[in-house]
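The structure under discussion appears below in the form of structure tokens.
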Amino acid sequence: MKRIVYAIAQKTLEFLENLMPNYGYILMFHEIKEELQFCQDLRYCISMSSFEKMISELEENQTRFCAISEVLQSKKPANVFITFDDGYEDIYSTAYPILKKKRIPFTVFITTEFIGKDGYLTLQMLKELAQEPLCTIGAHSVSHPRLRECNKKQLVDEIHGSKYYIETFTNQTVSIFAYPYGSVYACSLESIRETKNAGYMLAFSTLNAHMNPLPNHLRYFIPRISVNESNYKSITKLIIESTDEDVTKEKRMGNPSLD
Ligand SMILES: [Zn+2]
């Protein structure tokens with residue numbers, strides 16, 4: 001019963017946020033496989049060719065791929081941010097070469113207990129990604145629990161612990177966090193408070209909405225759109241259409257600027 005209430009709250013929030021002015025899209029990917037048959041879970045998987053096709057189509061249609069550090073400055077639907085959750089090995093072997101070639105910034109949210117497990121990034125790959133100027137590393141908890149179901153000690157371990165661990169091997173400050181599962185149910189207010197306490201500057205949900213003029217306190221529940229093989233075409237179309245609408249509107253107002 002409780003879960004239904006949270007699901008309704010989530011749908012309502014998504015509806016309201018999508019009514020607000022469009023400040024850009026944060027895309028969330030998981031697995032990027034050379035062939036779909038290798039996907040662990042099709043709901044969170046896209047083929048390499050579809051991923052590349054999506055990026056190229058967006059590039060050809062006035063999209064600006066931004067680094068995650070620009071999130072709070074973003075005010076245009078044409079601004080697109082690429083993020084990967086969980087830390088699959090194919091981020092390194094499949095997506096990274098494409099993004100590197102095109103000079104597109106991206107963010108990887110790491111679940112620290114997954115590092116080095118079968119199918120996930122090794123410590124060496126992560127260290128290499130951390131050195132890549134296009135890549136930002138964020139935390140995604142230690143063991144990927146639903147944070148609402150954690151007690152206070154577990155919350156601290158998951159949220160502070162993953163930050164600390166990644167910082168020790170990258171020698172960089174980790175200032176962004178993505179909630180495991182990222183839904184309204186999975187993230188209690190206590191877990192959101194704990195991300196602030198841990199020193200993160202931004203935290204990302206899986207609220208299915210474009211970015212919008214959020215009040216400052218909501219920078220700890222930033223929406224992201226989950227992309228997979230079955231929805232990538234409609235999401236690409238949505239971004240291109242909202243960008244076109246925005247450009248037309250700007251032209252009517254005599255200001256063709258995209259910034
Ligand atoms: Zn995850």
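Numbering starts fresh at 1 for the residues of each chain in the structure tokens, the chains themselves are lettered A, B, ... in the order given, and ligands are numbered from 1 as they appear.
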Residues near segment 17-27 of chain A, cut-off 10 Å, only C-alpha atoms, skip fewer than 2 positions along chain, as a count of residues only: 47
Give me the residues of chain A that have any atom at most 8 Å from an atom of ligand 1; for each, the nearest atom pair and the distance in Å, rounded to one decimal. Use only C-alpha atoms and all ligand atoms, sort by chain and number, and format it as JSON lines.
{"residue": "A:His30", "atom": "CA", "partner": "ligand 1", "partner_atom_place_in_ligand_line": "1 (Zn)", "distance": 7.9}
{"residue": "A:Asp85", "atom": "CA", "partner": "ligand 1", "partner_atom_place_in_ligand_line": "1 (Zn)", "distance": 5.2}
{"residue": "A:Asp86", "atom": "CA", "partner": "ligand 1", "partner_atom_place_in_ligand_line": "1 (Zn)", "distance": 4.7}
{"residue": "A:Thr111", "atom": "CA", "partner": "ligand 1", "partner_atom_place_in_ligand_line": "1 (Zn)", "distance": 7.4}
{"residue": "A:His140", "atom": "CA", "partner": "ligand 1", "partner_atom_place_in_ligand_line": "1 (Zn)", "distance": 6.7}
{"residue": "A:His144", "atom": "CA", "partner": "ligand 1", "partner_atom_place_in_ligand_line": "1 (Zn)", "distance": 6.4}
{"residue": "A:Ala178", "atom": "CA", "partner": "ligand 1", "partner_atom_place_in_ligand_line": "1 (Zn)", "distance": 7.8}
{"residue": "A:Tyr179", "atom": "CA", "partner": "ligand 1", "partner_atom_place_in_ligand_line": "1 (Zn)", "distance": 7.3}
{"residue": "A:Pro180", "atom": "CA", "partner": "ligand 1", "partner_atom_place_in_ligand_line": "1 (Zn)", "distance": 4.6}
{"residue": "A:Tyr181", "atom": "CA", "partner": "ligand 1", "partner_atom_place_in_ligand_line": "1 (Zn)", "distance": 5.6}
{"residue": "A:Gly182", "atom": "CA", "partner": "ligand 1", "partner_atom_place_in_ligand_line": "1 (Zn)", "distance": 7.9}
Write the selection just made, keeping N, CA, C and O atoms, as a JSON list (two decimals), in the first residue's frame?
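Dumped everything to selection.json:
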[["chain", "number", "residue", "atom", "x", "y", "z"],
["A", 30, "HIS", "N", 22.75, 2.58, -18.25],
["A", 30, "HIS", "CA", 23.38, 1.54, -17.42],
["A", 30, "HIS", "C", 24.34, 0.73, -18.30],
["A", 30, "HIS", "O", 25.48, 1.09, -18.46],
["A", 85, "ASP", "N", 25.06, 4.72, -14.57],
["A", 85, "ASP", "CA", 24.93, 4.25, -13.19],
["A", 85, "ASP", "C", 25.53, 2.86, -13.00],
["A", 85, "ASP", "O", 25.56, 2.05, -13.93],
["A", 86, "ASP", "N", 25.97, 2.61, -11.80],
["A", 86, "ASP", "CA", 26.40, 1.29, -11.30],
["A", 86, "ASP", "C", 27.87, 0.94, -11.62],
["A", 86, "ASP", "O", 28.50, 0.24, -10.87],
["A", 111, "THR", "N", 28.96, 2.27, -7.74],
["A", 111, "THR", "CA", 28.61, 1.52, -6.54],
["A", 111, "THR", "C", 29.88, 0.79, -6.14],
["A", 111, "THR", "O", 30.36, -0.09, -6.87],
["A", 140, "HIS", "N", 27.51, 6.19, -5.90],
["A", 140, "HIS", "CA", 26.18, 5.57, -6.09],
["A", 140, "HIS", "C", 26.00, 4.52, -4.99],
["A", 140, "HIS", "O", 25.53, 3.42, -5.25],
["A", 144, "HIS", "N", 24.33, -0.56, -3.04],
["A", 144, "HIS", "CA", 23.12, -0.37, -3.85],
["A", 144, "HIS", "C", 21.82, -0.79, -3.14],
["A", 144, "HIS", "O", 20.99, -1.51, -3.71],
["A", 178, "ALA", "N", 24.30, 9.73, -6.86],
["A", 178, "ALA", "CA", 23.05, 9.26, -7.47],
["A", 178, "ALA", "C", 22.45, 8.22, -6.54],
["A", 178, "ALA", "O", 23.14, 7.27, -6.15],
["A", 179, "TYR", "N", 21.19, 8.42, -6.16],
["A", 179, "TYR", "CA", 20.53, 7.49, -5.24],
["A", 179, "TYR", "C", 20.31, 6.14, -5.93],
["A", 179, "TYR", "O", 19.80, 6.13, -7.06],
["A", 180, "PRO", "N", 20.64, 5.04, -5.27],
["A", 180, "PRO", "CA", 20.30, 3.74, -5.86],
["A", 180, "PRO", "C", 18.78, 3.66, -6.07],
["A", 180, "PRO", "O", 18.03, 4.08, -5.19],
["A", 181, "TYR", "N", 18.37, 3.18, -7.20],
["A", 181, "TYR", "CA", 16.96, 3.11, -7.64],
["A", 181, "TYR", "C", 16.38, 4.50, -7.90],
["A", 181, "TYR", "O", 15.64, 4.70, -8.84],
["A", 182, "GLY", "N", 16.72, 5.47, -7.06],
["A", 182, "GLY", "CA", 16.41, 6.88, -7.35],
["A", 182, "GLY", "C", 14.95, 7.30, -7.33],
["A", 182, "GLY", "O", 14.63, 8.42, -7.71]]
For Lys152 of chain A, list every protein, DNA or RNA residue within 9 Å, evaluated using only C-alpha atoms, and leave out those in the same chain fewer than 4 positions away; present the list as a PyMOL selection string. chain A and resi 156-157+190-191
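Each of A:Gln131, A:Thr248, A:Ser69, A:Ser56 was checked against Lys101 of chain A using only C-alpha atoms; the smallest atom-to-atom distance is that of A:Ser56.
Picture a line from atom CA of Thr112 of chain A to atom CA of Val142 of chain A; it runs 4.8 Å.
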When DSSP is applied to the backbone of this structure, which of segment 8-238 of chain A are assigned alpha helix (DSSP H)? Write them out as a PyMOL selection string. chain A and resi 8-19+48-60+89-90+96-102+123-131+152-170+189-197+232-238
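Residue nearest Ile46 of chain A, chosen from A:Val108, A:Leu129, A:Lys249, A:Asn228 and counting only C-alpha atoms: A:Asn228.
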Shortest interatomic distance to Glu31 of chain A - which of A:Gln10, A:Ser49, A:Thr170, A:Thr94, counting only C-alpha atoms: A:Thr94
Taken to one decimal, the atom CA of Ala198 of chain A-atom CA of Asn151 of chain A distance is 16.0 Å
Using backbone DSSP assignments, extract all strand (DSSP E) residues from segment 25-102 of chain A; output them as a PyMOL selection string. chain A and resi 25-29+31-33+45-47+64-65+79-86
Distance query Ala7 of chain A at most 9 Å, only C-alpha atoms, self and fewer than 5 positions along chain excluded, as an mmCIF file with C-alpha atoms, in the first residue's frame:
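That gives us selection-v1.cif:
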data_model
loop_
_atom_site.group_PDB
_atom_site.id
_atom_site.type_symbol
_atom_site.label_atom_id
_atom_site.label_comp_id
_atom_site.auth_asym_id
_atom_site.auth_seq_id
_atom_site.Cartn_x
_atom_site.Cartn_y
_atom_site.Cartn_z
ATOM 1 C CA LYS A 2 2.758 2.388 1.063
ATOM 2 C CA THR A 12 2.620 13.666 -9.581
ATOM 3 C CA SER A 183 12.626 6.757 -6.929
ATOM 4 C CA VAL A 184 10.544 8.662 -4.394
ATOM 5 C CA TYR A 185 10.111 5.351 -2.559
#
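Coordinates place atom CA of Ser143 of chain A at a distance of 15.2 Å from atom CA of Asp118 of chain A.
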Contacts of Glu128 of chain A within 12 Å, only C-alpha atoms, excl. fewer than 6 positions in-chain, as a list in words: Tyr92, Tyr96, Leu121, Thr122, Leu134, Cys135, Thr136, Ile137, Phe169 and Thr170 of chain A
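Distance annotation: of A:Tyr220, A:Met28, A:Leu147, A:Tyr232, the residue with the minimal separation from Tyr200 of chain A is A:Tyr220; atom set is only C-alpha atoms.
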Which residues are near Met48 of chain A? Cut-off 12 Å, only C-alpha atoms, ignore same chain within fewer than 3 positions. Put them as a list in words. Phe29, His30, Glu31, Ile32, Lys33, Glu34, Glu35, Leu36, Gln37, Phe38, Cys39, Cys45, Phe51, Glu52, Lys53, Met54, Ile55, Asp90, Ile91, Ser93, Thr94, Ala95, Tyr96, Pro97, Ile98, Leu99, Asn228, Glu229 and Tyr232 of chain A
Could you save the residues just selected, with N, CA and C atoms, as a compact mmCIF listing (two decimals), in the first residue's frame?
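The new file selection-v9.txt reads:
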# COMPACT_ATOMS: atom_id res chain seq x y z
N PHE A 29 22.11 6.14 -18.32
CA PHE A 29 22.34 4.85 -18.97
C PHE A 29 22.89 3.86 -17.94
N HIS A 30 22.75 2.58 -18.25
CA HIS A 30 23.38 1.54 -17.42
C HIS A 30 24.34 0.73 -18.30
N GLU A 31 23.82 -0.35 -18.90
CA GLU A 31 24.67 -1.18 -19.76
C GLU A 31 24.66 -0.67 -21.21
N ILE A 32 25.83 -0.67 -21.83
CA ILE A 32 25.94 -0.36 -23.27
C ILE A 32 26.64 -1.56 -23.90
N LYS A 33 25.87 -2.45 -24.49
CA LYS A 33 26.46 -3.71 -24.97
C LYS A 33 26.67 -3.71 -26.49
N GLU A 34 27.72 -4.42 -26.91
CA GLU A 34 27.97 -4.52 -28.35
C GLU A 34 26.80 -5.20 -29.04
N GLU A 35 26.22 -6.21 -28.36
CA GLU A 35 25.04 -6.88 -28.89
C GLU A 35 24.02 -6.98 -27.77
N LEU A 36 22.73 -6.82 -28.12
CA LEU A 36 21.67 -6.85 -27.09
C LEU A 36 21.62 -8.18 -26.33
N GLN A 37 22.03 -9.26 -27.01
CA GLN A 37 21.96 -10.57 -26.36
C GLN A 37 22.85 -10.65 -25.10
N PHE A 38 23.78 -9.72 -24.97
CA PHE A 38 24.66 -9.74 -23.80
C PHE A 38 24.10 -8.93 -22.63
N CYS A 39 22.95 -8.28 -22.81
CA CYS A 39 22.38 -7.46 -21.74
C CYS A 39 21.96 -8.32 -20.55
N CYS A 45 19.39 -1.43 -20.61
CA CYS A 45 20.45 -1.74 -21.56
C CYS A 45 20.16 -1.14 -22.93
N PHE A 51 23.19 3.51 -29.11
CA PHE A 51 23.79 4.58 -28.30
C PHE A 51 24.47 5.60 -29.22
N GLU A 52 25.26 5.07 -30.15
CA GLU A 52 25.99 5.93 -31.06
C GLU A 52 25.04 6.73 -31.96
N LYS A 53 23.98 6.05 -32.39
CA LYS A 53 22.99 6.69 -33.25
C LYS A 53 22.31 7.84 -32.50
N MET A 54 21.95 7.60 -31.25
CA MET A 54 21.28 8.62 -30.45
C MET A 54 22.18 9.86 -30.30
N ILE A 55 23.44 9.60 -29.95
CA ILE A 55 24.39 10.70 -29.76
C ILE A 55 24.54 11.49 -31.06
N ASP A 90 31.32 -2.07 -19.54
CA ASP A 90 31.19 -1.58 -20.91
C ASP A 90 31.16 -0.05 -21.01
N ILE A 91 31.04 0.63 -19.88
CA ILE A 91 31.21 2.10 -19.92
C ILE A 91 32.61 2.38 -20.47
N SER A 93 34.73 0.02 -22.04
CA SER A 93 35.11 -0.63 -23.30
C SER A 93 34.25 -0.19 -24.48
N THR A 94 33.01 0.21 -24.24
CA THR A 94 32.09 0.50 -25.34
C THR A 94 31.74 1.98 -25.46
N ALA A 95 31.27 2.58 -24.35
CA ALA A 95 30.79 3.97 -24.43
C ALA A 95 31.94 4.99 -24.45
N TYR A 96 32.93 4.75 -23.61
CA TYR A 96 34.02 5.71 -23.47
C TYR A 96 34.72 6.02 -24.81
N PRO A 97 35.07 4.99 -25.62
CA PRO A 97 35.73 5.31 -26.90
C PRO A 97 34.87 6.22 -27.79
N ILE A 98 33.56 6.00 -27.79
CA ILE A 98 32.66 6.82 -28.62
C ILE A 98 32.65 8.26 -28.11
N LEU A 99 32.51 8.41 -26.79
CA LEU A 99 32.41 9.75 -26.19
C LEU A 99 33.74 10.50 -26.31
N ASN A 228 16.90 3.31 -22.63
CA ASN A 228 17.22 1.93 -22.97
C ASN A 228 16.93 1.69 -24.46
N GLU A 229 17.12 0.45 -24.88
CA GLU A 229 16.97 0.13 -26.30
C GLU A 229 15.55 0.44 -26.81
N TYR A 232 14.94 4.76 -26.65
CA TYR A 232 15.91 5.79 -27.04
C TYR A 232 15.44 6.65 -28.22
Point out the residue among A:Arg146, A:Lys102, A:Lys196, A:Lys127 with the least atom-to-atom distance to His160 of chain A, counting only C-alpha atoms. A:Lys196
